[in-house]
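Undergrad: Dumping the structure here so I can ask a few things about it.
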Amino acid sequence: MIAAAWEELVTTARRTVTDGLVVGTSGNVSVRVGDTVLVTPTGVPYDRLKPSDAVGVDLDGRQVLGSLRPTSELPMHLLVYRETDARAVVHTHAAHATAVSTLVPELPLIHYMAGAVGGPVRVAPYATYGTPELAANVLRALEGRAACLLQNHGTLAHGASLDQAYDRTAQLEWMCRVWLLASSVPGLAPNLLSPAQLDEAGERLRGYGQRD
């Protein structure tokens, strides 16, 4: 299970680069397997990661797998796992989302896909990267949500799987881009959804997709 999870984690991390959600070694990805959290290592380009490079920690942050140092954002990942039902976390420095994080305390309701992450996407107040303060700010912004923005920093999304966490990350970046585009038209302001409209869409999204 560890080997398969690590392979999926590396694939997801590489997607963040390919899809332009991170530059270089910025951002990080993790997945929980039992009481072990597999995480991307700090400062290592994702295209260089091999099966033997797997890095794992327990929920208290003690390294139990591998010799490479885990991501500097480990406190943030671990707090999310300890306090939510997350099984995977994706953190990026996506350009449009980061831009939005510098402008508003909450992403305006530009699209109903906000319902897929639990409601209006909040911005976690700025704190230095890798600190317990940032982790605490993110956790508060995630209350009742599966994604948030990090002020002057980026995004974080979690899910029941790496695929779900990644999809939420990509949708968040897309919503931010749409809002920035709509807001850039001189003399016009974008139409926004009402909370009631978002709630209705959120209910429909819970039944979206194929049934088992």
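Ligands are numbered from 1 in the order shown, residues from 1 within each chain, and chains are lettered A, B, ... in the order they appear in the structure tokens.
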I want to know what sits within 6 Å of Val123 of chain A, based on only C-alpha atoms, with residues of the same chain fewer than 3 positions away left out; could you give that as an mmCIF file with N, CA and C atoms, in the first residue's frame?
TA:
data_model
loop_
_atom_site.group_PDB
_atom_site.id
_atom_site.type_symbol
_atom_site.label_atom_id
_atom_site.label_comp_id
_atom_site.auth_asym_id
_atom_site.auth_seq_id
_atom_site.Cartn_x
_atom_site.Cartn_y
_atom_site.Cartn_z
ATOM 1 N N PRO A 105 -10.933 38.938 1.408
ATOM 2 C CA PRO A 105 -10.875 37.984 2.514
ATOM 3 C C PRO A 105 -11.594 36.674 2.204
ATOM 4 N N GLU A 106 -12.310 36.660 1.084
ATOM 5 C CA GLU A 106 -13.071 35.476 0.683
ATOM 6 C C GLU A 106 -13.315 35.565 -0.815
ATOM 7 N N CYS A 148 -9.122 26.245 0.859
ATOM 8 C CA CYS A 148 -9.014 27.658 1.243
ATOM 9 C C CYS A 148 -7.865 28.281 0.462
ATOM 10 N N LEU A 149 -7.816 29.602 0.516
ATOM 11 C CA LEU A 149 -6.682 30.355 -0.009
ATOM 12 C C LEU A 149 -5.785 30.741 1.150
ATOM 13 N N LEU A 150 -4.499 30.894 0.902
ATOM 14 C CA LEU A 150 -3.531 31.357 1.889
ATOM 15 C C LEU A 150 -3.053 32.731 1.436
ATOM 16 N N GLN A 151 -3.272 33.739 2.254
ATOM 17 C CA GLN A 151 -2.987 35.114 1.847
ATOM 18 C C GLN A 151 -1.529 35.285 1.421
#
Undergrad: What lies within 9 Å of segment 35-48 of chain A using only C-alpha atoms, ignoring chain neighbours under 5 positions off, as a PDB file with all heavy atoms, in the first residue's frame?
TA:
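Saved result, out.pdb, follows:
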ATOM      1  N   ILE A   2       1.939   1.227   0.765  1.00  0.00           N
ATOM      2  CA  ILE A   2       2.820   2.397   0.831  1.00  0.00           C
ATOM      3  C   ILE A   2       3.415   2.695  -0.538  1.00  0.00           C
ATOM      4  O   ILE A   2       3.441   3.853  -0.990  1.00  0.00           O
ATOM      5  CB  ILE A   2       3.934   2.182   1.872  1.00  0.00           C
ATOM      6  CG1 ILE A   2       3.358   2.156   3.288  1.00  0.00           C
ATOM      7  CG2 ILE A   2       5.001   3.265   1.744  1.00  0.00           C
ATOM      8  CD1 ILE A   2       2.845   3.478   3.797  1.00  0.00           C
ATOM      9  N   ALA A   5       0.765   4.106  -2.882  1.00  0.00           N
ATOM     10  CA  ALA A   5       0.381   5.464  -2.474  1.00  0.00           C
ATOM     11  C   ALA A   5       1.477   6.462  -2.835  1.00  0.00           C
ATOM     12  O   ALA A   5       1.188   7.587  -3.259  1.00  0.00           O
ATOM     13  CB  ALA A   5       0.083   5.496  -0.981  1.00  0.00           C
ATOM     14  N   TRP A   6       2.737   6.072  -2.646  1.00  0.00           N
ATOM     15  CA  TRP A   6       3.845   6.972  -2.986  1.00  0.00           C
ATOM     16  C   TRP A   6       3.863   7.242  -4.492  1.00  0.00           C
ATOM     17  O   TRP A   6       4.065   8.385  -4.922  1.00  0.00           O
ATOM     18  CB  TRP A   6       5.177   6.374  -2.542  1.00  0.00           C
ATOM     19  CG  TRP A   6       6.364   7.197  -2.950  1.00  0.00           C
ATOM     20  CD1 TRP A   6       7.269   6.910  -3.927  1.00  0.00           C
ATOM     21  CD2 TRP A   6       6.760   8.468  -2.403  1.00  0.00           C
ATOM     22  NE1 TRP A   6       8.207   7.910  -4.019  1.00  0.00           N
ATOM     23  CE2 TRP A   6       7.911   8.890  -3.099  1.00  0.00           C
ATOM     24  CE3 TRP A   6       6.243   9.280  -1.394  1.00  0.00           C
ATOM     25  CZ2 TRP A   6       8.560  10.075  -2.811  1.00  0.00           C
ATOM     26  CZ3 TRP A   6       6.887  10.478  -1.109  1.00  0.00           C
ATOM     27  CH2 TRP A   6       8.033  10.858  -1.816  1.00  0.00           C
ATOM     28  N   LEU A   9       1.183   9.685  -5.200  1.00  0.00           N
ATOM     29  CA  LEU A   9       1.565  11.001  -4.693  1.00  0.00           C
ATOM     30  C   LEU A   9       2.522  11.693  -5.651  1.00  0.00           C
ATOM     31  O   LEU A   9       2.352  12.881  -5.965  1.00  0.00           O
ATOM     32  CB  LEU A   9       2.186  10.855  -3.308  1.00  0.00           C
ATOM     33  CG  LEU A   9       2.674  12.144  -2.614  1.00  0.00           C
ATOM     34  CD1 LEU A   9       2.504  12.034  -1.108  1.00  0.00           C
ATOM     35  CD2 LEU A   9       4.142  12.438  -2.928  1.00  0.00           C
ATOM     36  N   VAL A  10       3.533  10.984  -6.120  1.00  0.00           N
ATOM     37  CA  VAL A  10       4.506  11.576  -7.046  1.00  0.00           C
ATOM     38  C   VAL A  10       3.816  11.997  -8.340  1.00  0.00           C
ATOM     39  O   VAL A  10       4.080  13.078  -8.884  1.00  0.00           O
ATOM     40  CB  VAL A  10       5.660  10.594  -7.315  1.00  0.00           C
ATOM     41  CG1 VAL A  10       6.563  11.122  -8.436  1.00  0.00           C
ATOM     42  CG2 VAL A  10       6.480  10.370  -6.045  1.00  0.00           C
ATOM     43  N   THR A  11       2.913  11.164  -8.835  1.00  0.00           N
ATOM     44  CA  THR A  11       2.167  11.501 -10.051  1.00  0.00           C
ATOM     45  C   THR A  11       1.367  12.783  -9.854  1.00  0.00           C
ATOM     46  O   THR A  11       1.338  13.664 -10.720  1.00  0.00           O
ATOM     47  CB  THR A  11       1.222  10.351 -10.432  1.00  0.00           C
ATOM     48  OG1 THR A  11       1.991   9.177 -10.720  1.00  0.00           O
ATOM     49  CG2 THR A  11       0.389  10.705 -11.664  1.00  0.00           C
ATOM     50  N   ALA A  13       1.963  15.190  -7.609  1.00  0.00           N
ATOM     51  CA  ALA A  13       2.893  16.309  -7.472  1.00  0.00           C
ATOM     52  C   ALA A  13       3.384  16.779  -8.840  1.00  0.00           C
ATOM     53  O   ALA A  13       3.487  17.987  -9.093  1.00  0.00           O
ATOM     54  CB  ALA A  13       4.073  15.899  -6.589  1.00  0.00           C
ATOM     55  N   ARG A  14       3.678  15.844  -9.716  1.00  0.00           N
ATOM     56  CA  ARG A  14       4.122  16.212 -11.065  1.00  0.00           C
ATOM     57  C   ARG A  14       3.021  16.914 -11.844  1.00  0.00           C
ATOM     58  O   ARG A  14       3.298  17.806 -12.659  1.00  0.00           O
ATOM     59  CB  ARG A  14       4.623  14.969 -11.799  1.00  0.00           C
ATOM     60  CG  ARG A  14       5.947  14.446 -11.243  1.00  0.00           C
ATOM     61  CD  ARG A  14       6.334  13.116 -11.855  1.00  0.00           C
ATOM     62  NE  ARG A  14       7.629  12.674 -11.324  1.00  0.00           N
ATOM     63  CZ  ARG A  14       8.134  11.452 -11.499  1.00  0.00           C
ATOM     64  NH1 ARG A  14       7.446  10.546 -12.194  1.00  0.00           N
ATOM     65  NH2 ARG A  14       9.313  11.140 -10.980  1.00  0.00           N
ATOM     66  N   VAL A  17       2.948  20.656 -11.385  1.00  0.00           N
ATOM     67  CA  VAL A  17       3.928  21.382 -12.203  1.00  0.00           C
ATOM     68  C   VAL A  17       3.444  21.457 -13.647  1.00  0.00           C
ATOM     69  O   VAL A  17       3.417  22.528 -14.260  1.00  0.00           O
ATOM     70  CB  VAL A  17       5.305  20.705 -12.129  1.00  0.00           C
ATOM     71  CG1 VAL A  17       6.302  21.418 -13.045  1.00  0.00           C
ATOM     72  CG2 VAL A  17       5.827  20.685 -10.700  1.00  0.00           C
ATOM     73  N   GLY A  24       8.812  25.151 -10.008  1.00  0.00           N
ATOM     74  CA  GLY A  24       9.948  24.525  -9.333  1.00  0.00           C
ATOM     75  C   GLY A  24       9.500  23.565  -8.250  1.00  0.00           C
ATOM     76  O   GLY A  24       8.672  22.689  -8.484  1.00  0.00           O
ATOM     77  N   THR A  25      10.020  23.759  -7.043  1.00  0.00           N
ATOM     78  CA  THR A  25       9.689  22.858  -5.939  1.00  0.00           C
ATOM     79  C   THR A  25       8.703  23.497  -4.963  1.00  0.00           C
ATOM     80  O   THR A  25       8.543  23.033  -3.834  1.00  0.00           O
ATOM     81  CB  THR A  25      10.963  22.443  -5.168  1.00  0.00           C
ATOM     82  OG1 THR A  25      11.595  23.622  -4.644  1.00  0.00           O
ATOM     83  CG2 THR A  25      11.928  21.710  -6.079  1.00  0.00           C
ATOM     84  N   SER A  26       8.036  24.568  -5.378  1.00  0.00           N
ATOM     85  CA  SER A  26       7.037  25.189  -4.509  1.00  0.00           C
ATOM     86  C   SER A  26       5.818  24.278  -4.412  1.00  0.00           C
ATOM     87  O   SER A  26       5.568  23.444  -5.280  1.00  0.00           O
ATOM     88  CB  SER A  26       6.627  26.557  -5.051  1.00  0.00           C
ATOM     89  OG  SER A  26       5.963  26.422  -6.295  1.00  0.00           O
ATOM     90  N   ASN A  28       3.358  21.433  -2.180  1.00  0.00           N
ATOM     91  CA  ASN A  28       3.629  20.111  -1.628  1.00  0.00           C
ATOM     92  C   ASN A  28       2.361  19.279  -1.616  1.00  0.00           C
ATOM     93  O   ASN A  28       1.252  19.815  -1.661  1.00  0.00           O
ATOM     94  CB  ASN A  28       4.246  20.197  -0.223  1.00  0.00           C
ATOM     95  CG  ASN A  28       3.875  21.459   0.505  1.00  0.00           C
ATOM     96  OD1 ASN A  28       2.777  21.572   1.037  1.00  0.00           O
ATOM     97  ND2 ASN A  28       4.776  22.447   0.497  1.00  0.00           N
ATOM     98  N   VAL A  29       2.550  17.973  -1.531  1.00  0.00           N
ATOM     99  CA  VAL A  29       1.444  17.015  -1.610  1.00  0.00           C
ATOM    100  C   VAL A  29       1.642  15.964  -0.532  1.00  0.00           C
ATOM    101  O   VAL A  29       2.782  15.580  -0.233  1.00  0.00           O
ATOM    102  CB  VAL A  29       1.392  16.338  -3.000  1.00  0.00           C
ATOM    103  CG1 VAL A  29       0.266  15.314  -3.071  1.00  0.00           C
ATOM    104  CG2 VAL A  29       1.227  17.384  -4.103  1.00  0.00           C
ATOM    105  N   SER A  30       0.541  15.492   0.048  1.00  0.00           N
ATOM    106  CA  SER A  30       0.634  14.419   1.029  1.00  0.00           C
ATOM    107  C   SER A  30      -0.569  13.499   0.915  1.00  0.00           C
ATOM    108  O   SER A  30      -1.613  13.879   0.373  1.00  0.00           O
ATOM    109  CB  SER A  30       0.727  14.984   2.453  1.00  0.00           C
ATOM    110  OG  SER A  30      -0.474  15.630   2.822  1.00  0.00           O
ATOM    111  N   ASP A  53      12.702   7.116  -2.747  1.00  0.00           N
ATOM    112  CA  ASP A  53      12.724   8.419  -2.093  1.00  0.00           C
ATOM    113  C   ASP A  53      11.516   8.653  -1.192  1.00  0.00           C
ATOM    114  O   ASP A  53      11.338   9.757  -0.677  1.00  0.00           O
ATOM    115  CB  ASP A  53      12.774   9.544  -3.136  1.00  0.00           C
ATOM    116  CG  ASP A  53      14.098   9.592  -3.870  1.00  0.00           C
ATOM    117  OD1 ASP A  53      15.117   9.233  -3.268  1.00  0.00           O
ATOM    118  OD2 ASP A  53      14.093   9.985  -5.057  1.00  0.00           O
ATOM    119  N   ALA A  54      10.684   7.653  -0.991  1.00  0.00           N
ATOM    120  CA  ALA A  54       9.465   7.816  -0.202  1.00  0.00           C
ATOM    121  C   ALA A  54       9.779   8.390   1.179  1.00  0.00           C
ATOM    122  O   ALA A  54      10.719   7.953   1.853  1.00  0.00           O
ATOM    123  CB  ALA A  54       8.742   6.486  -0.064  1.00  0.00           C
ATOM    124  N   VAL A  55       8.986   9.375   1.576  1.00  0.00           N
ATOM    125  CA  VAL A  55       9.136  10.031   2.874  1.00  0.00           C
ATOM    126  C   VAL A  55       7.825   9.884   3.633  1.00  0.00           C
ATOM    127  O   VAL A  55       6.755  10.208   3.107  1.00  0.00           O
ATOM    128  CB  VAL A  55       9.473  11.528   2.709  1.00  0.00           C
ATOM    129  CG1 VAL A  55       9.542  12.208   4.070  1.00  0.00           C
ATOM    130  CG2 VAL A  55      10.782  11.702   1.954  1.00  0.00           C
ATOM    131  N   GLY A  56       7.902   9.396   4.867  1.00  0.00           N
ATOM    132  CA  GLY A  56       6.701   9.230   5.671  1.00  0.00           C
ATOM    133  C   GLY A  56       6.926   9.655   7.111  1.00  0.00           C
ATOM    134  O   GLY A  56       8.022   9.494   7.652  1.00  0.00           O
ATOM    135  N   VAL A  57       5.885  10.217   7.716  1.00  0.00           N
ATOM    136  CA  VAL A  57       5.927  10.626   9.120  1.00  0.00           C
ATOM    137  C   VAL A  57       4.678  10.096   9.810  1.00  0.00           C
ATOM    138  O   VAL A  57       3.674   9.768   9.165  1.00  0.00           O
ATOM    139  CB  VAL A  57       5.997  12.161   9.270  1.00  0.00           C
ATOM    140  CG1 VAL A  57       7.226  12.727   8.584  1.00  0.00           C
ATOM    141  CG2 VAL A  57       4.730  12.813   8.716  1.00  0.00           C
ATOM    142  N   ASP A  58       4.733  10.030  11.147  1.00  0.00           N
ATOM    143  CA  ASP A  58       3.510   9.715  11.876  1.00  0.00           C
ATOM    144  C   ASP A  58       2.740  11.003  12.122  1.00  0.00           C
ATOM    145  O   ASP A  58       3.174  12.101  11.726  1.00  0.00           O
ATOM    146  CB  ASP A  58       3.804   8.936  13.160  1.00  0.00           C
ATOM    147  CG  ASP A  58       4.587   9.740  14.196  1.00  0.00           C
ATOM    148  OD1 ASP A  58       4.630  10.991  14.101  1.00  0.00           O
ATOM    149  OD2 ASP A  58       5.158   9.111  15.103  1.00  0.00           O
ATOM    150  N   LEU A  59       1.594  10.908  12.769  1.00  0.00           N
ATOM    151  CA  LEU A  59       0.735  12.076  12.940  1.00  0.00           C
ATOM    152  C   LEU A  59       1.310  13.112  13.900  1.00  0.00           C
ATOM    153  O   LEU A  59       0.796  14.225  13.995  1.00  0.00           O
ATOM    154  CB  LEU A  59      -0.654  11.640  13.392  1.00  0.00           C
ATOM    155  CG  LEU A  59      -1.460  10.886  12.324  1.00  0.00           C
ATOM    156  CD1 LEU A  59      -2.739  10.326  12.926  1.00  0.00           C
ATOM    157  CD2 LEU A  59      -1.774  11.782  11.133  1.00  0.00           C
ATOM    158  N   GLY A  61       4.542  13.901  13.521  1.00  0.00           N
ATOM    159  CA  GLY A  61       5.642  14.470  12.761  1.00  0.00           C
ATOM    160  C   GLY A  61       6.950  13.720  12.846  1.00  0.00           C
ATOM    161  O   GLY A  61       7.953  14.159  12.272  1.00  0.00           O
ATOM    162  N   VAL A  64       9.169   8.225   9.926  1.00  0.00           N
ATOM    163  CA  VAL A  64       9.144   6.768  10.051  1.00  0.00           C
ATOM    164  C   VAL A  64       9.541   6.078   8.748  1.00  0.00           C
ATOM    165  O   VAL A  64       9.653   4.857   8.710  1.00  0.00           O
ATOM    166  CB  VAL A  64       7.743   6.282  10.480  1.00  0.00           C
ATOM    167  CG1 VAL A  64       7.386   6.820  11.864  1.00  0.00           C
ATOM    168  CG2 VAL A  64       6.671   6.682   9.462  1.00  0.00           C
ATOM    169  N   LEU A  65       9.775   6.874   7.701  1.00  0.00           N
ATOM    170  CA  LEU A  65      10.105   6.297   6.400  1.00  0.00           C
ATOM    171  C   LEU A  65      10.978   7.265   5.620  1.00  0.00           C
ATOM    172  O   LEU A  65      10.668   8.453   5.521  1.00  0.00           O
ATOM    173  CB  LEU A  65       8.822   6.010   5.612  1.00  0.00           C
ATOM    174  CG  LEU A  65       8.969   5.399   4.217  1.00  0.00           C
ATOM    175  CD1 LEU A  65       9.550   3.991   4.318  1.00  0.00           C
ATOM    176  CD2 LEU A  65       7.612   5.361   3.508  1.00  0.00           C
ATOM    177  N   LEU A  68      15.135  11.451   3.208  1.00  0.00           N
ATOM    178  CA  LEU A  68      14.982  12.841   2.785  1.00  0.00           C
ATOM    179  C   LEU A  68      14.117  13.594   3.789  1.00  0.00           C
ATOM    180  O   LEU A  68      13.201  13.025   4.391  1.00  0.00           O
ATOM    181  CB  LEU A  68      14.331  12.905   1.400  1.00  0.00           C
ATOM    182  CG  LEU A  68      15.131  12.321   0.236  1.00  0.00           C
ATOM    183  CD1 LEU A  68      14.314  12.370  -1.046  1.00  0.00           C
ATOM    184  CD2 LEU A  68      16.442  13.082   0.054  1.00  0.00           C
ATOM    185  N   ARG A  69      14.411  14.872   3.980  1.00  0.00           N
ATOM    186  CA  ARG A  69      13.629  15.698   4.904  1.00  0.00           C
ATOM    187  C   ARG A  69      12.261  15.997   4.303  1.00  0.00           C
ATOM    188  O   ARG A  69      12.151  16.330   3.117  1.00  0.00           O
ATOM    189  CB  ARG A  69      14.359  17.000   5.197  1.00  0.00           C
ATOM    190  CG  ARG A  69      15.621  16.844   6.035  1.00  0.00           C
ATOM    191  CD  ARG A  69      16.437  18.131   6.036  1.00  0.00           C
ATOM    192  NE  ARG A  69      15.619  19.288   6.380  1.00  0.00           N
ATOM    193  CZ  ARG A  69      15.776  20.498   5.857  1.00  0.00           C
ATOM    194  NH1 ARG A  69      16.715  20.700   4.935  1.00  0.00           N
ATOM    195  NH2 ARG A  69      15.006  21.490   6.239  1.00  0.00           N
ATOM    196  N   PRO A  70      11.203  15.917   5.104  1.00  0.00           N
ATOM    197  CA  PRO A  70       9.859  16.203   4.587  1.00  0.00           C
ATOM    198  C   PRO A  70       9.667  17.692   4.291  1.00  0.00           C
ATOM    199  O   PRO A  70      10.455  18.537   4.704  1.00  0.00           O
ATOM    200  CB  PRO A  70       8.933  15.736   5.715  1.00  0.00           C
ATOM    201  CG  PRO A  70       9.775  15.774   6.940  1.00  0.00           C
ATOM    202  CD  PRO A  70      11.177  15.468   6.501  1.00  0.00           C
ATOM    203  N   THR A  71       8.604  17.994   3.583  1.00  0.00           N
ATOM    204  CA  THR A  71       8.271  19.366   3.220  1.00  0.00           C
ATOM    205  C   THR A  71       8.283  20.298   4.423  1.00  0.00           C
ATOM    206  O   THR A  71       7.935  19.912   5.544  1.00  0.00           O
ATOM    207  CB  THR A  71       6.875  19.430   2.571  1.00  0.00           C
ATOM    208  OG1 THR A  71       6.494  20.791   2.397  1.00  0.00           O
ATOM    209  CG2 THR A  71       5.817  18.760   3.428  1.00  0.00           C
ATOM    210  N   SER A  72       8.660  21.539   4.180  1.00  0.00           N
ATOM    211  CA  SER A  72       8.677  22.543   5.245  1.00  0.00           C
ATOM    212  C   SER A  72       7.267  22.866   5.744  1.00  0.00           C
ATOM    213  O   SER A  72       7.103  23.420   6.826  1.00  0.00           O
ATOM    214  CB  SER A  72       9.351  23.826   4.745  1.00  0.00           C
ATOM    215  OG  SER A  72       8.678  24.335   3.607  1.00  0.00           O
ATOM    216  N   GLU A  73       6.256  22.528   4.951  1.00  0.00           N
ATOM    217  CA  GLU A  73       4.873  22.790   5.352  1.00  0.00           C
ATOM    218  C   GLU A  73       4.258  21.614   6.112  1.00  0.00           C
ATOM    219  O   GLU A  73       3.031  21.510   6.222  1.00  0.00           O
ATOM    220  CB  GLU A  73       4.011  23.115   4.130  1.00  0.00           C
ATOM    221  CG  GLU A  73       4.375  24.392   3.421  1.00  0.00           C
ATOM    222  CD  GLU A  73       4.022  25.652   4.225  1.00  0.00           C
ATOM    223  OE1 GLU A  73       3.653  25.525   5.411  1.00  0.00           O
ATOM    224  OE2 GLU A  73       4.130  26.748   3.662  1.00  0.00           O
ATOM    225  N   LEU A  74       5.094  20.736   6.652  1.00  0.00           N
ATOM    226  CA  LEU A  74       4.588  19.572   7.370  1.00  0.00           C
ATOM    227  C   LEU A  74       3.605  19.942   8.484  1.00  0.00           C
ATOM    228  O   LEU A  74       2.581  19.260   8.644  1.00  0.00           O
ATOM    229  CB  LEU A  74       5.758  18.761   7.930  1.00  0.00           C
ATOM    230  CG  LEU A  74       5.397  17.431   8.582  1.00  0.00           C
ATOM    231  CD1 LEU A  74       4.722  16.489   7.600  1.00  0.00           C
ATOM    232  CD2 LEU A  74       6.648  16.784   9.191  1.00  0.00           C
ATOM    233  N   HIS A  77       0.098  20.300   6.977  1.00  0.00           N
ATOM    234  CA  HIS A  77      -0.477  19.027   6.543  1.00  0.00           C
ATOM    235  C   HIS A  77      -0.943  18.213   7.741  1.00  0.00           C
ATOM    236  O   HIS A  77      -2.060  17.676   7.754  1.00  0.00           O
ATOM    237  CB  HIS A  77       0.556  18.233   5.738  1.00  0.00           C
ATOM    238  CG  HIS A  77       0.807  18.776   4.373  1.00  0.00           C
ATOM    239  ND1 HIS A  77       0.333  18.167   3.221  1.00  0.00           N
ATOM    240  CD2 HIS A  77       1.482  19.872   3.944  1.00  0.00           C
ATOM    241  CE1 HIS A  77       0.703  18.856   2.171  1.00  0.00           C
ATOM    242  NE2 HIS A  77       1.410  19.903   2.581  1.00  0.00           N
ATOM    243  N   LEU A  78      -0.092  18.098   8.753  1.00  0.00           N
ATOM    244  CA  LEU A  78      -0.420  17.250   9.897  1.00  0.00           C
ATOM    245  C   LEU A  78      -1.614  17.779  10.672  1.00  0.00           C
ATOM    246  O   LEU A  78      -2.454  16.996  11.141  1.00  0.00           O
ATOM    247  CB  LEU A  78       0.789  17.115  10.819  1.00  0.00           C
ATOM    248  CG  LEU A  78       1.974  16.321  10.245  1.00  0.00           C
ATOM    249  CD1 LEU A  78       3.095  16.250  11.264  1.00  0.00           C
ATOM    250  CD2 LEU A  78       1.543  14.916   9.834  1.00  0.00           C
ATOM    251  N   TYR A  81      -4.743  16.749   8.897  1.00  0.00           N
ATOM    252  CA  TYR A  81      -5.056  15.328   9.108  1.00  0.00           C
ATOM    253  C   TYR A  81      -5.576  15.058  10.516  1.00  0.00           C
ATOM    254  O   TYR A  81      -6.484  14.237  10.704  1.00  0.00           O
ATOM    255  CB  TYR A  81      -3.821  14.461   8.845  1.00  0.00           C
ATOM    256  CG  TYR A  81      -3.480  14.337   7.383  1.00  0.00           C
ATOM    257  CD1 TYR A  81      -2.267  14.805   6.887  1.00  0.00           C
ATOM    258  CD2 TYR A  81      -4.371  13.758   6.491  1.00  0.00           C
ATOM    259  CE1 TYR A  81      -1.948  14.699   5.544  1.00  0.00           C
ATOM    260  CE2 TYR A  81      -4.069  13.655   5.140  1.00  0.00           C
ATOM    261  CZ  TYR A  81      -2.861  14.130   4.671  1.00  0.00           C
ATOM    262  OH  TYR A  81      -2.564  14.031   3.334  1.00  0.00           O
ATOM    263  N   ARG A  87      -7.876  12.582   3.738  1.00  0.00           N
ATOM    264  CA  ARG A  87      -6.975  11.464   3.435  1.00  0.00           C
ATOM    265  C   ARG A  87      -5.884  11.891   2.474  1.00  0.00           C
ATOM    266  O   ARG A  87      -4.933  11.140   2.230  1.00  0.00           O
ATOM    267  CB  ARG A  87      -7.751  10.282   2.825  1.00  0.00           C
ATOM    268  CG  ARG A  87      -8.934   9.826   3.630  1.00  0.00           C
ATOM    269  CD  ARG A  87      -8.577   9.381   5.042  1.00  0.00           C
ATOM    270  NE  ARG A  87      -7.712   8.210   5.077  1.00  0.00           N
ATOM    271  CZ  ARG A  87      -7.316   7.583   6.185  1.00  0.00           C
ATOM    272  NH1 ARG A  87      -7.707   8.052   7.364  1.00  0.00           N
ATOM    273  NH2 ARG A  87      -6.534   6.529   6.139  1.00  0.00           N
ATOM    274  N   ALA A  88      -6.004  13.101   1.919  1.00  0.00           N
ATOM    275  CA  ALA A  88      -4.985  13.634   1.008  1.00  0.00           C
ATOM    276  C   ALA A  88      -5.044  15.154   1.039  1.00  0.00           C
ATOM    277  O   ALA A  88      -6.119  15.738   1.226  1.00  0.00           O
ATOM    278  CB  ALA A  88      -5.210  13.135  -0.418  1.00  0.00           C
TER     279      ALA A  88
END
Undergrad: As a VMD selection string, please: every residue in segment 11-196 of chain A that a backbone DSSP assignment puts in helix (DSSP H, G or I).
TA: chain A and resid 11 to 18 46 to 48 51 to 53 74 to 83 95 to 101 112 to 117 132 to 141 162 to 183 195 to 196
Undergrad: Name the residues in contact with Thr16 of chain A at a cut-off of 10 Å, using only C-alpha atoms, excluding same-chain residues fewer than 5 positions from it; report them as a list of chain:residue names.
TA: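 After dropping sequence-adjacent residues, the list is A:Thr11, A:Leu21, A:Val22, A:Val23, A:Ser26, A:Gly27, A:Asn28, A:Val29, A:Tyr46, A:Val90, A:His91, A:Thr92, A:His93, A:Ala94, A:Tyr166, A:Thr169, A:Ala170.
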Undergrad: So which residues of chain A fall under strand (DSSP E or B) by DSSP, listed as an NGL selection string?
TA: :A and (28-33 or 36-39 or 41 or 56-58 or 63-65 or 70 or 88-92 or 106 or 122-124 or 147-150 or 154-159)
Undergrad: Considering only C-alpha atoms, state which residue in the set A:Gly20, A:Pro75, A:Pro190, A:Gly154 is at the smallest distance from Thr131 of chain A.
TA: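 Closest residue, counting only C-alpha atoms: A:Pro75.
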Undergrad: So which residues touch segment 181-189 of chain A within 10 Å, counting only C-alpha atoms, skipping near sequence neighbours fewer than 6 positions away, as number ranges by chain?
TA: A: 96, 110, 175
Undergrad: Pick the closest to Tyr126 of chain A from A:Tyr112, A:Ser101, A:Arg168, A:Leu139: which is it, counting only C-alpha atoms?
TA: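 Among the listed residues, A:Ser101 lies closest to Tyr126 of chain A.
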